[in-house]
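Following: one structure in structure tokens, then a few remarks.
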Amino acid sequence: MITTYIDTVTALMERNVARHCDDTAVIYGKQQLTYGALHQLSLKAARGLSNLGVKPGDRVAFWLPNTIAYIALYLACTRLGAIAVAVNTRYRSVEVSDIVRRSGAKLMVLWPGFRNIDFLEILSEIPEDALGQLETVILYDEGQVVNDVPSAIAAKNQLGYEELVAADPYDQDHSGPDVGCNIFTTSGTTKAPKFVLHRQTGIAQHAQDVWRNLEPLIVGEFEDGCFLQTLPLCGVFGFNHITAAIAGGRPTVLQNSFDAAEAVALIDTHKVRYFSATDDMIIAMLAADPREQAMPGLVCCAYGAFNMSADEVARRAHARGVKLVGLYGMSEVQALFARRDHTLPYDERYVPGGKLISDQAKVRTRNPETGELMGHGESGELELKGPSLMLEYFEDPDATSEAMTADGYLRSGDLGYTTSEDSFVFEARMGDTLRLGGYLVSPVEIESHLAEHPQVEAAQVVAVRVGEVMRPFAFVIPTTLGELDQEALGQYCKQGLARFKVPVAFLEINTFPTTESPNGTKIQRAKLRRLAEVAMAEQAAEGS
């Protein structure tokens, strides 16, 4: 059977207006919007953005948590042919200025008072020339008073979100299958993250594939299930859930920030049968649910094991009657590229990876040393292909070429093995990328930031377990031996980096351990990890 697809998100929404106009689209606190109302709101947002000069191909930075405004503005961008640039709300001045500058964002939307974080103060730390291409700042609020605007954006045009969406509905459509629409940031082996650009047909088709895969779980026997949106829309795992909901014309329950007890209550109230979460979120929800069987209405939960082993989090959930299913995704191929079935035996269903979501997707493994393709069950670098594949790394043809094979497969940088033509097991990242706070983080980002401090000659960062989470640990060669100020370095990192990127400790070291290889001298990161574990164990012993 040949599957037919709608090729833009704009067209998906227009179909929903015809089919689901009076059906609930989104639930956000006490607010509920139907698909018809959400569509009209997005048209008003499109007119407002157009009045500000946003045109096809322009970039709009979303430094915004999960809100109805995020969805409406995203739909507005797809209609205008503009590109939404995702900016994590946990990012700080160094990261935000880099993303806004390199993406060439013309407009940025932010919520200054979100979670009592002074986002305007963070912007005040950004050099004015770093935001040179930024023309307009949209200020969203939910009743908070906006403080004085910092000089970095004082000269920019400023507009309140409510004023933006007070415009008349937009009556044109610049969307198209091959029009760029999303930029997600991803960690690599360089200081700055790469910008993953997706086109509209890739977003729309993957949304429909994910919906067809999840429909039996979401809808349920009585056709009354909802999506629960606990993961941030700035990442593909959260974003692909909202687009799948749009593809299915189903309601989505939004949390603007994760709260375990609230999430458990929302699952009960809105008959949520499936959702995706990180391992630390699942552990928190298990703790927040006093019932012997936690979240009894769930069929299953897909998860990513970022802070503990997959078998450990699966075992804890299983003991409380919660079925976890493994999945796979990355910015370059979107999330839920693969997922395991909840009907599999326990020891099979929680394993990361799974069956490909799209019947047009493909996976294979290659020996990274010999370049030879490998058979089922043989570990190698996973190579991926399918309709959800990115268009390119934005304005970086060299990185794009390096990431792709001659026949159009993405070199994932992940270690794994295939179990059939359409299923695989993910084992680990092949490089040194860290998993921190549920995000992939290149250690080079943190190392480069540290190297700019006057006390630091050089730095290396590894991940070390602290309790049940992974934290960065920094080894520092100081400019002057014996004069490393750990507290000052900690404050320096807190001011410029997301909190989950701030090292838990800074250990002074004379030289990094190295080894000679055929490709030159390499730092022994495995040895650094062992040293970090010893240091943390000694610190724990001293504190006990």
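Following the order of the structure tokens, first chain is A, next is B, and so on, with residues numbered from 1 inside each chain and ligands from 1 in the order they appear.
The shell of residues at most 6 Å from range 82-99 of chain A, with only C-alpha atoms counted and near chain neighbours (fewer than 3 positions) removed, consists of Pro56, Gly57, Asp58, Arg59, Val60, Ala61, Phe62, Trp63, Cys77, Thr78, Arg102, Ser103, Ile122, Ile126, Ala130, Cys181, Asn182, Ile183, Phe184, Cys234, Gly496, Leu497 and Ala498 of chain A.
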If we count only C-alpha atoms, what is near range 415-431 of chain A at a cut-off of 10 Å, once residues fewer than 6 positions away on the same chain are taken out, given as a tab-separated table (two decimals) with N, CA, C and O atoms, in the first residue's frame?
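Saved the output as part.tsv:
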chain	number	residue	atom	x	y	z
A	188	GLY	N	28.59	19.13	18.25
A	188	GLY	CA	29.52	18.46	17.38
A	188	GLY	C	30.88	18.42	18.00
A	188	GLY	O	31.03	18.42	19.21
A	189	THR	N	31.91	18.41	17.18
A	189	THR	CA	33.27	18.35	17.68
A	189	THR	C	33.96	19.71	17.62
A	189	THR	O	35.16	19.81	17.78
A	326	GLY	N	11.97	1.61	24.45
A	326	GLY	CA	13.12	2.31	23.89
A	326	GLY	C	12.76	3.04	22.61
A	326	GLY	O	11.80	2.70	21.92
A	327	LEU	N	13.54	4.05	22.31
A	327	LEU	CA	13.33	4.82	21.08
A	327	LEU	C	14.67	5.32	20.57
A	327	LEU	O	15.72	5.08	21.19
A	328	TYR	N	14.63	6.05	19.47
A	328	TYR	CA	15.85	6.65	18.93
A	328	TYR	C	15.47	7.90	18.15
A	328	TYR	O	14.45	7.94	17.45
A	338	ALA	N	12.84	5.81	15.43
A	338	ALA	CA	12.55	4.40	15.68
A	338	ALA	C	11.97	4.27	17.08
A	338	ALA	O	12.25	5.08	17.96
A	339	ARG	N	11.13	3.23	17.28
A	339	ARG	CA	10.52	3.01	18.59
A	339	ARG	C	10.22	1.53	18.77
A	339	ARG	O	9.90	0.83	17.80
A	340	ARG	N	10.34	1.07	20.00
A	340	ARG	CA	10.01	-0.32	20.30
A	340	ARG	C	8.53	-0.47	20.66
A	340	ARG	O	7.91	0.45	21.20
A	351	VAL	N	15.07	-1.57	25.37
A	351	VAL	CA	16.38	-1.37	24.75
A	351	VAL	C	16.33	-0.19	23.78
A	351	VAL	O	15.43	-0.12	22.92
A	352	PRO	N	17.26	0.77	23.85
A	352	PRO	CA	17.24	1.93	22.95
A	352	PRO	C	17.35	1.52	21.48
A	352	PRO	O	18.06	0.58	21.13
A	353	GLY	N	16.62	2.22	20.64
A	353	GLY	CA	16.56	1.90	19.22
A	353	GLY	C	15.15	1.52	18.87
A	353	GLY	O	14.19	2.14	19.33
A	354	GLY	N	14.99	0.47	18.03
A	354	GLY	CA	13.65	0.00	17.73
A	354	GLY	C	13.40	-0.17	16.25
A	354	GLY	O	14.33	-0.20	15.43
A	355	LYS	N	12.12	-0.25	15.92
A	355	LYS	CA	11.68	-0.41	14.54
A	355	LYS	C	11.50	0.96	13.91
A	355	LYS	O	10.96	1.88	14.55
A	356	LEU	N	11.93	1.12	12.67
A	356	LEU	CA	11.83	2.40	11.99
A	356	LEU	C	10.38	2.84	11.90
A	356	LEU	O	9.48	2.06	11.59
A	357	ILE	N	10.13	4.13	12.17
A	357	ILE	CA	8.77	4.67	12.15
A	357	ILE	C	8.23	4.74	10.73
A	357	ILE	O	7.08	4.39	10.47
A	358	SER	N	9.04	5.18	9.80
A	358	SER	CA	8.61	5.36	8.42
A	358	SER	C	8.95	4.12	7.59
A	358	SER	O	10.05	3.57	7.71
A	359	ASP	N	8.02	3.71	6.72
A	359	ASP	CA	8.32	2.58	5.84
A	359	ASP	C	9.25	2.98	4.71
A	359	ASP	O	9.69	2.13	3.93
A	360	GLN	N	9.60	4.28	4.64
A	360	GLN	CA	10.55	4.75	3.65
A	360	GLN	C	11.95	4.95	4.25
A	360	GLN	O	12.89	5.27	3.52
A	361	ALA	N	12.07	4.80	5.55
A	361	ALA	CA	13.36	4.99	6.22
A	361	ALA	C	14.24	3.75	6.07
A	361	ALA	O	13.74	2.64	5.85
A	362	LYS	N	15.55	3.96	6.21
A	362	LYS	CA	16.50	2.86	6.12
A	362	LYS	C	17.59	3.04	7.17
A	362	LYS	O	17.90	4.16	7.58
A	363	VAL	N	18.19	1.92	7.59
A	363	VAL	CA	19.29	1.95	8.54
A	363	VAL	C	20.29	0.87	8.17
A	363	VAL	O	19.92	-0.20	7.68
A	364	ARG	N	21.55	1.16	8.40
A	364	ARG	CA	22.62	0.19	8.17
A	364	ARG	C	23.78	0.55	9.08
A	364	ARG	O	23.78	1.61	9.70
A	365	THR	N	24.75	-0.35	9.19
A	365	THR	CA	25.93	-0.07	10.00
A	365	THR	C	27.18	-0.25	9.15
A	365	THR	O	27.22	-1.08	8.23
A	366	ARG	N	28.20	0.54	9.51
A	366	ARG	CA	29.45	0.49	8.76
A	366	ARG	C	30.62	0.39	9.74
A	366	ARG	O	30.62	1.05	10.78
A	367	ASN	N	31.58	-0.42	9.40
A	367	ASN	CA	32.80	-0.51	10.20
A	367	ASN	C	33.56	0.81	10.08
A	367	ASN	O	33.98	1.17	8.98
A	368	PRO	N	33.73	1.55	11.18
A	368	PRO	CA	34.36	2.87	11.09
A	368	PRO	C	35.84	2.81	10.71
A	368	PRO	O	36.40	3.82	10.28
A	374	MET	N	28.23	-3.69	7.40
A	374	MET	CA	28.23	-4.82	8.31
A	374	MET	C	26.88	-5.52	8.31
A	374	MET	O	25.85	-4.93	7.93
A	375	GLY	N	26.87	-6.76	8.75
A	375	GLY	CA	25.64	-7.54	8.80
A	375	GLY	C	24.89	-7.33	10.09
A	375	GLY	O	25.34	-6.64	11.00
A	376	HIS	N	23.70	-7.93	10.17
A	376	HIS	CA	22.89	-7.82	11.37
A	376	HIS	C	23.65	-8.39	12.57
A	376	HIS	O	24.32	-9.41	12.49
A	377	GLY	N	23.53	-7.66	13.69
A	377	GLY	CA	24.18	-8.10	14.91
A	377	GLY	C	25.61	-7.67	15.07
A	377	GLY	O	26.22	-7.91	16.12
A	378	GLU	N	26.18	-7.00	14.06
A	378	GLU	CA	27.57	-6.55	14.12
A	378	GLU	C	27.60	-5.05	14.41
A	378	GLU	O	27.02	-4.24	13.68
A	379	SER	N	28.27	-4.66	15.48
A	379	SER	CA	28.32	-3.25	15.89
A	379	SER	C	29.17	-2.42	14.96
A	379	SER	O	30.26	-2.83	14.55
A	380	GLY	N	28.68	-1.23	14.67
A	380	GLY	CA	29.39	-0.27	13.84
A	380	GLY	C	28.69	1.07	13.92
A	380	GLY	O	27.77	1.27	14.73
A	381	GLU	N	29.11	2.01	13.09
A	381	GLU	CA	28.45	3.32	13.08
A	381	GLU	C	27.11	3.21	12.36
A	381	GLU	O	27.03	2.72	11.23
A	382	LEU	N	26.06	3.67	13.01
A	382	LEU	CA	24.73	3.67	12.40
A	382	LEU	C	24.67	4.73	11.31
A	382	LEU	O	25.07	5.88	11.52
A	383	GLU	N	24.15	4.33	10.15
A	383	GLU	CA	23.90	5.26	9.05
A	383	GLU	C	22.41	5.25	8.75
A	383	GLU	O	21.79	4.18	8.65
A	440	LEU	N	22.39	16.58	24.45
A	440	LEU	CA	23.73	16.29	23.97
A	440	LEU	C	24.55	17.57	24.04
A	440	LEU	O	24.14	18.61	23.53
A	442	SER	N	28.55	19.09	23.50
A	442	SER	CA	29.95	18.89	23.15
A	442	SER	C	30.83	19.42	24.28
A	442	SER	O	30.66	20.57	24.71
- For Pro251 in chain A, which residue out of A:Ala305, A:Ile523, A:Val26, A:Val149 is the nearest one, using only C-alpha atoms?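 Nearest candidate to Pro251 in chain A out of A:Ala305, A:Ile523, A:Val26, A:Val149: A:Val26.
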- Mind listing the strand (DSSP E or B) residues of range 368-514 of chain A, per DSSP on the backbone, as a PyMOL selection string? chain A and resi 373+380-385+392-393+404+410-420+423-429+434-436+439-441+456-466+469-478+506-508+514
- Task: Please identify all polymer residues within 10 Å of Val322 in chain A, counting only C-alpha atoms, omitting same-chain residues fewer than 4 positions from it, and present them as a PyMOL selection string.
- Result: chain A and resi 282+286+293-301+314-318
- Message: To test your reading of the structure, identify every residue in range 211-355 of chain A that backbone DSSP assigns to alpha helix (DSSP H), and report it as a ChimeraX atom specification.
- Response: /A:211-219,236-248,260-269,279-288,310-319,346-349
- Message: Need the shell around range 208-223 of chain A: protein/DNA/RNA residues with any atom at most 9 Å away, counting only C-alpha atoms. Skip same-chain ones fewer than 4 positions apart. Format as a PyMOL selection string?
- Response: chain A and resi 5-6+203-204+227+240-241+243-248+250+271-275+299-300+335-337+339+357-359
- Query: Quick one: residues within 12 Å of Ala403 in chain A, only C-alpha atoms counted, chain neighbours fewer than 2 positions away excluded, as a PyMOL selection string?
  - Reply: chain A and resi 188+194+196+332+382-385+389-393+396-401+405-413
- Mind pulling up the distance from CA of Arg15 in chain A to CA of Leu80 in chain A?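 Computing it gives 17.9 Å between the two atoms.
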- Item | Nearest-residue call for Pro169 in chain A, choices A:Leu38, A:Ile138, A:Val54, A:Ala277, using only C-alpha atoms |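 Ranking A:Leu38, A:Ile138, A:Val54, A:Ala277 by distance to Pro169 in chain A, first place goes to A:Leu38.
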- Message: Residues near range 511-515 of chain A, anyone? I mean within 9 Å using only C-alpha atoms, not counting same-chain ones fewer than 6 positions away, as a ChimeraX atom specification.
- Response: /A:459-460,475-477,521-525,527-528
- Which residue out of A:Ile446, A:Ile117, A:Val137, A:Ile283 has the minimum interatomic distance to Ala458 in chain A when only C-alpha atoms are used?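 Closest to Ala458 in chain A, using only C-alpha atoms: A:Ile446.
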- Item | Top pick for closest residue to Leu231 in chain A, considering A:Leu41, A:Ala265, A:Ala532, A:Met281 and counting only C-alpha atoms | A:Met281
